[in-house]
file my_file05.cif (mmCIF, C-alpha atoms)
data_work
#
loop_
_atom_site.label_atom_id
_atom_site.label_comp_id
_atom_site.auth_asym_id
_atom_site.auth_seq_id
_atom_site.Cartn_x
_atom_site.Cartn_y
_atom_site.Cartn_z
CA MET U 19 -1.95 -6.55 93.37
CA GLU U 20 -3.84 -9.77 94.04
CA GLY U 21 -6.75 -7.86 95.56
CA GLU U 22 -8.03 -9.17 98.88
CA ASN U 23 -11.67 -8.32 98.22
CA LEU U 24 -12.03 -10.26 94.98
CA THR U 25 -14.30 -13.28 94.70
CA SER U 26 -14.02 -15.92 91.98
CA GLU U 27 -17.67 -15.50 91.05
CA GLU U 28 -17.94 -11.73 90.88
CA GLN U 29 -14.83 -9.72 90.05
CA PHE U 30 -11.47 -9.64 88.29
CA LEU U 31 -8.69 -7.10 88.52
CA LEU U 32 -7.41 -5.77 85.18
CA ILE U 33 -3.92 -4.32 85.57
CA GLY U 34 -3.50 -2.99 82.04
CA PHE U 35 0.00 -1.57 81.48
CA SER U 36 0.98 -1.07 85.11
CA ASP U 37 4.25 -2.92 84.37
CA LEU U 38 5.33 0.11 82.30
CA PRO U 39 5.08 3.00 84.83
CA LEU U 40 7.39 5.38 82.94
CA LEU U 41 5.31 5.04 79.78
CA GLN U 42 1.88 5.63 81.33
CA VAL U 43 1.48 9.25 80.13
CA PRO U 44 2.89 8.70 76.60
CA LEU U 45 0.75 5.58 76.20
CA PHE U 46 -2.37 7.38 77.42
CA ILE U 47 -1.83 10.22 74.94
CA THR U 48 -1.08 7.78 72.10
CA PHE U 49 -4.11 5.55 72.70
CA THR U 50 -6.41 8.52 73.25
CA LEU U 51 -5.36 9.93 69.89
CA ILE U 52 -5.83 6.52 68.24
CA TYR U 53 -9.31 6.21 69.75
CA VAL U 54 -10.40 9.72 68.76
CA MET U 55 -8.94 9.44 65.24
CA THR U 56 -10.62 6.05 64.76
CA LEU U 57 -14.00 7.43 65.82
CA LEU U 58 -13.71 10.54 63.65
CA GLY U 59 -12.36 8.67 60.63
CA ASN U 60 -15.08 6.05 60.61
CA LEU U 61 -17.82 8.58 61.39
CA LEU U 62 -16.54 10.55 58.38
CA ILE U 63 -16.99 7.47 56.16
CA ILE U 64 -20.54 6.94 57.42
CA SER U 65 -21.54 10.60 57.01
CA ILE U 66 -20.07 10.92 53.50
CA VAL U 67 -21.67 7.73 52.20
CA TYR U 68 -25.01 8.51 53.84
CA SER U 69 -25.17 12.07 52.49
CA SER U 70 -23.86 11.36 48.96
CA SER U 71 -26.49 9.71 46.78
CA HIS U 72 -23.96 8.64 44.13
CA LEU U 73 -22.21 6.54 46.80
CA HIS U 74 -25.34 4.54 47.56
CA THR U 75 -23.92 1.40 45.97
CA PRO U 76 -23.37 -2.12 47.40
CA MET U 77 -19.66 -1.57 48.02
CA TYR U 78 -20.23 1.55 50.10
CA PHE U 79 -23.20 -0.02 51.88
CA PHE U 80 -20.89 -2.76 53.17
CA LEU U 81 -18.21 -0.17 53.91
CA ILE U 82 -20.66 1.61 56.24
CA ASN U 83 -21.09 -1.70 58.06
CA VAL U 84 -17.32 -2.01 58.44
CA ALA U 85 -17.02 1.56 59.74
CA PHE U 86 -19.81 1.03 62.28
CA ILE U 87 -18.20 -2.22 63.46
CA ASP U 88 -14.84 -0.48 63.89
CA ILE U 89 -16.41 2.27 66.01
CA THR U 90 -18.28 -0.24 68.18
CA ASN U 91 -15.43 -2.71 68.51
CA ILE U 92 -12.78 -0.24 69.64
CA SER U 93 -15.32 1.23 72.07
CA VAL U 94 -15.68 -2.19 73.71
CA THR U 95 -12.04 -2.20 74.87
CA TYR U 96 -10.45 1.26 74.67
CA PRO U 97 -12.49 3.38 77.15
CA HIS U 98 -11.83 0.81 79.88
CA MET U 99 -8.18 0.58 78.88
CA LEU U 100 -7.67 4.37 79.13
CA ILE U 101 -8.85 4.25 82.75
CA HIS U 102 -5.91 1.96 83.57
CA PHE U 103 -3.49 4.82 83.04
CA PHE U 104 -4.94 6.71 86.02
CA GLN U 105 -4.97 3.87 88.53
CA THR U 106 -3.02 0.71 89.29
CA GLY U 107 -5.87 -1.62 88.35
CA THR U 108 -9.58 -1.61 87.65
CA LEU U 109 -12.20 -4.04 88.84
CA ILE U 110 -14.57 -5.68 86.40
CA SER U 111 -17.38 -8.04 87.34
CA HIS U 112 -17.50 -11.58 86.02
CA THR U 113 -20.66 -10.77 84.05
CA LYS U 114 -19.17 -7.66 82.43
CA CYS U 115 -16.03 -9.61 81.64
CA LEU U 116 -18.04 -12.27 79.81
CA LEU U 117 -20.04 -9.60 77.98
CA GLN U 118 -16.82 -7.93 76.86
CA ILE U 119 -15.51 -11.27 75.57
CA TYR U 120 -18.75 -12.01 73.74
CA PHE U 121 -19.14 -8.62 72.07
CA PHE U 122 -15.48 -8.47 71.09
CA ILE U 123 -15.62 -11.88 69.36
CA PHE U 124 -19.04 -11.05 67.89
CA LEU U 125 -17.83 -7.78 66.33
CA VAL U 126 -14.55 -9.24 65.08
CA GLY U 127 -16.46 -12.12 63.50
CA THR U 128 -18.98 -9.76 61.90
CA GLU U 129 -16.16 -7.75 60.39
CA PHE U 130 -14.58 -10.87 58.91
CA PHE U 131 -17.90 -11.89 57.37
CA ILE U 132 -18.60 -8.41 55.97
CA LEU U 133 -15.11 -8.23 54.47
CA THR U 134 -15.75 -11.62 52.87
CA VAL U 135 -19.04 -10.35 51.46
CA MET U 136 -17.17 -7.34 50.07
CA ALA U 137 -14.80 -9.74 48.28
CA TYR U 138 -17.84 -11.44 46.75
CA ASP U 139 -19.20 -8.02 45.76
CA ARG U 140 -15.94 -7.15 43.98
CA TYR U 141 -15.93 -10.57 42.30
CA VAL U 142 -19.43 -10.05 40.88
CA ALA U 143 -18.66 -6.45 39.85
CA ILE U 144 -15.52 -7.40 37.93
CA CYS U 145 -16.35 -10.85 36.60
CA TYR U 146 -20.06 -10.23 35.83
CA PRO U 147 -20.35 -6.45 35.30
CA LEU U 148 -23.47 -6.68 33.11
CA HIS U 149 -25.37 -8.61 35.79
CA TYR U 150 -23.89 -6.80 38.79
CA MET U 151 -26.89 -4.65 39.75
CA SER U 152 -29.34 -7.52 39.34
CA ILE U 153 -27.22 -9.88 41.46
CA MET U 154 -26.19 -7.31 44.10
CA ASN U 155 -29.58 -5.65 44.37
CA LYS U 156 -30.77 -3.86 47.50
CA ASN U 157 -32.52 -6.90 48.98
CA ARG U 158 -29.49 -9.15 48.37
CA CYS U 159 -27.16 -6.65 50.06
CA ILE U 160 -29.43 -6.38 53.10
CA GLN U 161 -29.68 -10.18 53.31
CA LEU U 162 -25.90 -10.60 53.13
CA ALA U 163 -25.26 -7.94 55.77
CA THR U 164 -28.03 -9.21 58.07
CA GLY U 165 -26.81 -12.78 57.68
CA SER U 166 -23.27 -11.71 58.60
CA TRP U 167 -24.43 -9.94 61.77
CA PHE U 168 -26.77 -12.77 62.78
CA CYS U 169 -24.29 -15.62 62.27
CA ALA U 170 -21.46 -13.72 63.94
CA GLY U 171 -23.72 -13.04 66.92
CA LEU U 172 -24.86 -16.64 67.24
CA ILE U 173 -21.58 -18.52 66.87
CA PRO U 174 -19.74 -17.10 69.97
CA LEU U 175 -22.63 -17.88 72.34
CA PRO U 176 -21.65 -21.49 73.20
CA TYR U 177 -18.00 -20.42 73.44
CA THR U 178 -18.86 -17.68 75.95
CA VAL U 179 -21.01 -20.11 77.95
CA VAL U 180 -18.09 -22.57 78.21
CA VAL U 181 -15.70 -19.77 79.25
CA SER U 182 -18.20 -18.72 81.94
CA GLY U 183 -17.78 -22.17 83.52
CA LEU U 184 -14.05 -21.75 84.19
CA SER U 185 -13.04 -21.79 87.85
CA TYR U 186 -10.19 -19.71 89.28
CA CYS U 187 -8.52 -21.22 92.33
CA GLN U 188 -5.73 -18.71 92.84
CA SER U 189 -5.26 -15.30 91.24
CA HIS U 190 -8.09 -13.19 89.83
CA THR U 191 -5.68 -10.61 88.46
CA ILE U 192 -5.78 -10.37 84.67
CA ASN U 193 -2.55 -9.07 83.19
CA HIS U 194 -4.29 -7.39 80.29
CA PHE U 195 -6.16 -4.19 79.38
CA TYR U 196 -9.45 -6.00 78.75
CA CYS U 197 -11.02 -9.40 79.45
CA ASP U 198 -9.09 -11.48 76.95
CA VAL U 199 -9.90 -15.18 76.73
CA THR U 200 -6.28 -16.30 76.59
CA ALA U 201 -5.47 -14.27 79.72
CA LEU U 202 -8.44 -15.81 81.54
CA MET U 203 -7.41 -19.33 80.54
CA LYS U 204 -3.98 -18.77 82.08
CA LEU U 205 -5.70 -18.11 85.43
CA SER U 206 -7.97 -21.15 85.30
CA CYS U 207 -7.27 -24.18 87.47
CA THR U 208 -9.61 -26.37 85.41
CA SER U 209 -8.90 -28.02 82.08
CA ILE U 210 -8.91 -25.61 79.16
CA HIS U 211 -8.44 -28.23 76.44
CA GLY U 212 -12.05 -27.96 75.31
CA ILE U 213 -11.89 -24.17 75.13
CA GLU U 214 -8.67 -24.31 73.12
CA ILE U 215 -10.40 -26.61 70.62
CA MET U 216 -13.33 -24.20 70.46
CA SER U 217 -10.86 -21.35 69.89
CA TYR U 218 -9.52 -23.20 66.86
CA VAL U 219 -13.08 -23.70 65.63
CA LEU U 220 -13.86 -20.00 66.13
CA GLY U 221 -10.63 -18.99 64.42
CA SER U 222 -11.44 -21.24 61.47
CA THR U 223 -15.08 -20.10 61.23
CA PHE U 224 -14.35 -16.39 61.53
CA GLY U 225 -10.91 -16.28 59.95
CA LEU U 226 -9.59 -19.27 58.02
CA PHE U 227 -12.66 -20.23 55.98
CA PRO U 228 -13.55 -16.62 55.05
CA PHE U 229 -9.91 -16.01 54.14
CA ILE U 230 -9.93 -19.03 51.81
CA PHE U 231 -13.12 -17.70 50.20
CA VAL U 232 -11.50 -14.26 49.79
CA ILE U 233 -8.40 -15.77 48.17
CA ALA U 234 -10.55 -17.84 45.79
CA SER U 235 -12.51 -14.71 44.85
CA TYR U 236 -9.37 -12.71 44.18
CA VAL U 237 -7.81 -15.45 42.07
CA LYS U 238 -10.79 -15.08 39.73
CA ILE U 239 -10.68 -11.28 40.03
CA ILE U 240 -7.00 -11.11 39.11
CA SER U 241 -7.64 -13.44 36.19
CA ALA U 242 -10.39 -11.09 34.96
CA ILE U 243 -8.16 -8.01 35.44
CA LEU U 244 -5.38 -9.53 33.34
CA LYS U 245 -7.85 -10.00 30.49
CA MET U 246 -8.90 -6.33 30.51
CA LYS U 247 -7.82 -4.39 27.43
CA SER U 248 -8.33 -0.94 28.94
CA THR U 249 -5.34 0.29 30.94
CA GLU U 250 -7.49 2.84 32.78
CA GLY U 251 -10.08 0.23 33.67
CA ARG U 252 -7.37 -2.12 34.90
CA ARG U 253 -5.79 0.63 37.02
CA LYS U 254 -9.10 1.65 38.60
CA THR U 255 -10.02 -1.96 39.37
CA ILE U 256 -6.62 -2.69 40.94
CA SER U 257 -6.93 0.45 43.07
CA THR U 258 -10.34 -0.55 44.43
CA CYS U 259 -9.38 -4.16 45.07
CA GLY U 260 -6.02 -3.14 46.53
CA SER U 261 -7.71 -1.14 49.29
CA HIS U 262 -9.93 -4.06 50.21
CA LEU U 263 -7.06 -6.55 50.15
CA THR U 264 -4.99 -4.30 52.43
CA VAL U 265 -7.79 -4.21 55.00
CA ILE U 266 -8.22 -7.99 54.68
CA ILE U 267 -4.53 -8.59 55.42
CA LEU U 268 -4.61 -6.23 58.42
CA TYR U 269 -7.60 -7.94 60.03
CA PHE U 270 -6.98 -11.57 59.18
CA GLY U 271 -3.23 -11.35 59.69
CA SER U 272 -3.42 -9.79 63.16
CA ALA U 273 -6.42 -11.49 64.79
CA CYS U 274 -6.37 -15.09 63.54
CA PRO U 275 -2.88 -16.06 64.81
CA THR U 276 -3.86 -15.04 68.35
CA TYR U 277 -6.95 -17.23 68.64
CA MET U 278 -5.58 -20.16 66.66
CA LYS U 279 -2.41 -20.50 68.76
CA PRO U 280 -2.41 -22.74 71.87
CA THR U 281 -2.65 -20.69 75.07
CA SER U 282 0.46 -22.30 76.54
CA ASN U 283 2.54 -20.97 73.63
CA VAL U 284 1.51 -17.33 74.09
CA SER U 285 3.41 -15.14 76.56
CA ILE U 286 1.55 -12.40 78.43
CA LYS U 287 3.51 -9.61 76.76
CA GLU U 288 3.12 -11.17 73.31
CA ASN U 289 -0.61 -11.54 73.88
CA LYS U 290 -0.99 -7.88 74.89
CA MET U 291 1.04 -6.65 71.93
CA LEU U 292 -1.00 -8.74 69.50
CA ALA U 293 -4.19 -7.46 71.12
CA LEU U 294 -3.03 -3.86 70.66
CA LEU U 295 -2.28 -4.64 67.03
CA TYR U 296 -5.69 -6.02 66.08
CA THR U 297 -7.74 -3.67 68.27
CA ALA U 298 -6.03 -0.45 67.16
CA VAL U 299 -4.34 -0.71 63.78
CA PRO U 300 -7.13 -2.01 61.48
CA PRO U 301 -9.90 0.35 62.73
CA LEU U 302 -7.49 3.30 62.53
CA CYS U 303 -6.12 2.45 59.09
CA ASN U 304 -9.45 1.52 57.56
CA PRO U 305 -10.66 5.13 57.00
CA ILE U 306 -7.25 6.11 55.58
CA ILE U 307 -7.15 3.18 53.18
CA TYR U 308 -10.71 3.64 51.95
CA THR U 309 -10.79 7.45 51.75
CA LEU U 310 -7.44 8.95 50.86
CA LYS U 311 -6.93 6.30 48.14
CA ASN U 312 -10.49 6.63 46.85
CA LYS U 313 -11.14 9.33 44.27
CA GLU U 314 -14.88 9.36 44.93
CA PHE U 315 -14.29 10.12 48.60
CA THR U 316 -11.61 12.75 47.99
CA ASN U 317 -13.80 14.48 45.40
CA VAL U 318 -16.67 14.70 47.90
CA LEU U 319 -14.30 16.11 50.55
CA ARG U 320 -12.91 18.69 48.12
CA ARG U 321 -16.40 19.82 47.19
CA ARG U 322 -17.18 20.30 50.86
CA GLY U 323 -13.98 22.27 51.40
CA LYS U 324 -12.46 19.74 53.78
CA LEU U 325 -9.33 19.11 51.75
#
call {"tool": "encode", "arguments": {"input": "my_file05.cif", "output": "structure tokens"}}
result
Amino acid sequence: MEGENLTSEEQFLLIGFSDLPLLQVPLFITFTLIYVMTLLGNLLIISIVYSSSHLHTPMYFFLINVAFIDITNISVTYPHMLIHFFQTGTLISHTKCLLQIYFFIFLVGTEFFILTVMAYDRYVAICYPLHYMSIMNKNRCIQLATGSWFCAGLIPLPYTVVVSGLSYCQSHTINHFYCDVTALMKLSCTSIHGIEIMSYVLGSTFGLFPFIFVIASYVKIISAILKMKSTEGRRKTISTCGSHLTVIILYFGSACPTYMKPTSNVSIKENKMLALLYTAVPPLCNPIIYTLKNKEFTNVLRRRGKL
């Protein structure tokens, strides 16, 4: 499995789930269904919002961003992973490996930022309803979304550059289904202390600080909800915020612990299971949470004869 033809500069061998030979077919079917359902579910969100003029509001504009990120992010890892079920291992060049690392971190970070912006949107809508449309106008929404994409794309660049400088003196076999940073660091024969520190910084920038901002926003939101006199208004507000909070917990709770934990404390199997959790569950659940529990979405689907 070590691969005689590998060179430290050019290629790695991804072995995926070859340690589970009896589960190859069930896993392939399961992950194929997850991938297809994720694509269809998020494409459904995009098509409904785009084609329904009454859904052209800030909240749904940011939701389209989330759906697009979910489609792109799962497509960075899953197609390559599905190939593993048909062969013992797949080769990936050093350059493609670094690109996969960069785009994965970039898209995860963008999603965290967009979800944080959505918390701000809900805060303005509930705490300052009379000024909502003037504060969250079209230009402001575009600026917030563009800023999220730009910052999330810029921040992982130095991290990826540092990872590219790792040297591998022995094995070039990655026991994972994609080029995961923690798996690469386990293969490195050079010091990874600096990269671990940068991982904490990335985890804090993309996860911890946004999460603190989200919690602060929802403390004020909950305070405003408790002051509402209308039971119907309170119920509708809780329903909308509940969907967003569920997605927040899924993303922040599954991804942040992985990148904020020292590499030496993470076993290979634990790392792969955590990776499956944050690459599959949130993108798959997102359309369910935001559509089936959203009356505006279900009404549009009923009118189109899809429910």
call {"tool": "closest_atom_pairs", "arguments": {"input": "my_file05.cif", "of": "range 65-173 of chain U", "to": "range 255-267 of chain U", "cutoff": "8 Å", "atoms": "all atoms listed in the file", "output": "Markdown table"}}
result
| residue | atom | partner | partner_atom | distance |
| --- | --- | --- | --- | --- |
| U:Leu133 | CA | U:Ile266 | CA | 6.9 |
| U:Met136 | CA | U:His262 | CA | 7.9 |
| U:Ala137 | CA | U:His262 | CA | 7.7 |
| U:Arg140 | CA | U:Cys259 | CA | 7.3 |
| U:Ile144 | CA | U:Thr255 | CA | 7.9 |
call {"tool": "write_last_selection", "arguments": {"input": "my_file05.cif", "atoms": "C-alpha atoms", "output": "mmCIF file, keeping the file's coordinate frame"}}
result
data_model
loop_
_atom_site.group_PDB
_atom_site.id
_atom_site.type_symbol
_atom_site.label_atom_id
_atom_site.label_comp_id
_atom_site.auth_asym_id
_atom_site.auth_seq_id
_atom_site.Cartn_x
_atom_site.Cartn_y
_atom_site.Cartn_z
ATOM 1 C CA LEU U 133 -15.110 -8.230 54.470
ATOM 2 C CA MET U 136 -17.170 -7.340 50.070
ATOM 3 C CA ALA U 137 -14.800 -9.740 48.280
ATOM 4 C CA ARG U 140 -15.940 -7.150 43.980
ATOM 5 C CA ILE U 144 -15.520 -7.400 37.930
#
call {"tool": "residues_around", "arguments": {"input": "my_file05.cif", "residues": "range 95-110 of chain U", "least_positions_apart": "5", "cutoff": "7 Å", "atoms": "only C-alpha atoms", "output": "list in words"}}
result
Gln29, Phe30, Leu31, Leu32, Ile33, Gly34, Ser36, Gln42, Phe46, Cys115, Phe195 and Tyr196 of chain U
call {"tool": "atom_distance", "arguments": {"input": "my_file05.cif", "atom1": "CA of Phe124 in chain U", "atom2": "CA of Ala170 in chain U"}}
result
5.3 Å
call {"tool": "resolve_selection", "arguments": {"input": "my_file05.cif", "expression": "the PyMOL selection byres ((chain U and resi 224-236) around 9)", "output": "PyMOL selection string"}}
result
chain U and resi 126-131+133-138+140-141+170+219-223+237-241+259+263+266+269-270+273-274
call {"tool": "atom_distance", "arguments": {"input": "my_file05.cif", "atom1": "CA of Tyr218 in chain U", "atom2": "CA of Gly271 in chain U"}}
result
15.2 Å
call {"tool": "atom_distance", "arguments": {"input": "my_file05.cif", "atom1": "CA of Thr90 in chain U", "atom2": "CA of Ser182 in chain U"}}
result
23.0 Å
call {"tool": "closest_residue", "arguments": {"input": "my_file05.cif", "among": "U:Ser111, U:Thr191, U:Ser71, U:Asn157", "to": "Met203 in chain U", "atoms": "only C-alpha atoms"}}
result
U:Thr191
call {"tool": "build_atoms", "arguments": {"input": "my_file05.cif", "residues": "range 236-266 of chain U", "atoms": "N, CA and C atoms", "output": "tab-separated table (two decimals), keeping the file's coordinate frame"}}
result
chain	number	residue	atom	x	y	z
U	236	TYR	N	-10.37	-13.58	44.79
U	236	TYR	CA	-9.37	-12.71	44.18
U	236	TYR	C	-8.54	-13.42	43.11
U	237	VAL	N	-8.46	-14.72	43.17
U	237	VAL	CA	-7.81	-15.45	42.07
U	237	VAL	C	-8.59	-15.23	40.78
U	238	LYS	N	-9.92	-15.30	40.90
U	238	LYS	CA	-10.79	-15.08	39.73
U	238	LYS	C	-10.78	-13.60	39.33
U	239	ILE	N	-10.72	-12.72	40.32
U	239	ILE	CA	-10.68	-11.28	40.03
U	239	ILE	C	-9.41	-10.91	39.27
U	240	ILE	N	-8.27	-11.41	39.76
U	240	ILE	CA	-7.00	-11.11	39.11
U	240	ILE	C	-6.98	-11.66	37.69
U	241	SER	N	-7.55	-12.85	37.52
U	241	SER	CA	-7.64	-13.44	36.19
U	241	SER	C	-8.45	-12.55	35.25
U	242	ALA	N	-9.55	-11.98	35.77
U	242	ALA	CA	-10.39	-11.09	34.96
U	242	ALA	C	-9.67	-9.78	34.66
U	243	ILE	N	-8.90	-9.27	35.63
U	243	ILE	CA	-8.16	-8.01	35.44
U	243	ILE	C	-7.11	-8.17	34.34
U	244	LEU	N	-6.42	-9.29	34.34
U	244	LEU	CA	-5.38	-9.53	33.34
U	244	LEU	C	-5.93	-9.60	31.92
U	245	LYS	N	-7.22	-9.91	31.80
U	245	LYS	CA	-7.85	-10.00	30.49
U	245	LYS	C	-8.40	-8.66	30.00
U	246	MET	N	-8.38	-7.65	30.89
U	246	MET	CA	-8.90	-6.33	30.51
U	246	MET	C	-7.99	-5.66	29.48
U	247	LYS	N	-8.59	-5.07	28.47
U	247	LYS	CA	-7.82	-4.39	27.43
U	247	LYS	C	-7.56	-2.93	27.78
U	248	SER	N	-8.46	-2.34	28.56
U	248	SER	CA	-8.33	-0.94	28.94
U	248	SER	C	-7.36	-0.77	30.10
U	249	THR	N	-6.32	0.04	29.88
U	249	THR	CA	-5.34	0.29	30.94
U	249	THR	C	-5.96	1.07	32.09
U	250	GLU	N	-6.82	2.03	31.76
U	250	GLU	CA	-7.49	2.84	32.78
U	250	GLU	C	-8.43	1.99	33.62
U	251	GLY	N	-9.17	1.12	32.96
U	251	GLY	CA	-10.08	0.23	33.67
U	251	GLY	C	-9.33	-0.72	34.58
U	252	ARG	N	-8.18	-1.21	34.10
U	252	ARG	CA	-7.37	-2.12	34.90
U	252	ARG	C	-6.81	-1.39	36.13
U	253	ARG	N	-6.36	-0.15	35.91
U	253	ARG	CA	-5.79	0.63	37.02
U	253	ARG	C	-6.84	0.92	38.08
U	254	LYS	N	-8.03	1.32	37.66
U	254	LYS	CA	-9.10	1.65	38.60
U	254	LYS	C	-9.53	0.42	39.39
U	255	THR	N	-9.61	-0.71	38.71
U	255	THR	CA	-10.02	-1.96	39.37
U	255	THR	C	-8.98	-2.40	40.39
U	256	ILE	N	-7.70	-2.31	40.02
U	256	ILE	CA	-6.62	-2.69	40.94
U	256	ILE	C	-6.62	-1.80	42.16
U	257	SER	N	-6.89	-0.50	41.96
U	257	SER	CA	-6.93	0.45	43.07
U	257	SER	C	-8.02	0.10	44.07
U	258	THR	N	-9.22	-0.21	43.56
U	258	THR	CA	-10.34	-0.55	44.43
U	258	THR	C	-10.09	-1.85	45.18
U	259	CYS	N	-9.62	-2.86	44.45
U	259	CYS	CA	-9.38	-4.16	45.07
U	259	CYS	C	-8.18	-4.12	46.02
U	260	GLY	N	-7.20	-3.27	45.68
U	260	GLY	CA	-6.02	-3.14	46.53
U	260	GLY	C	-6.36	-2.63	47.92
U	261	SER	N	-7.28	-1.68	47.99
U	261	SER	CA	-7.71	-1.14	49.29
U	261	SER	C	-8.36	-2.23	50.12
U	262	HIS	N	-9.23	-2.99	49.49
U	262	HIS	CA	-9.93	-4.06	50.21
U	262	HIS	C	-8.96	-5.14	50.66
U	263	LEU	N	-8.03	-5.52	49.80
U	263	LEU	CA	-7.06	-6.55	50.15
U	263	LEU	C	-6.17	-6.10	51.32
U	264	THR	N	-5.81	-4.82	51.34
U	264	THR	CA	-4.99	-4.30	52.43
U	264	THR	C	-5.70	-4.44	53.77
U	265	VAL	N	-6.99	-4.09	53.78
U	265	VAL	CA	-7.79	-4.21	55.00
U	265	VAL	C	-7.91	-5.68	55.40
U	266	ILE	N	-8.12	-6.55	54.42
U	266	ILE	CA	-8.22	-7.99	54.68
U	266	ILE	C	-6.96	-8.50	55.38
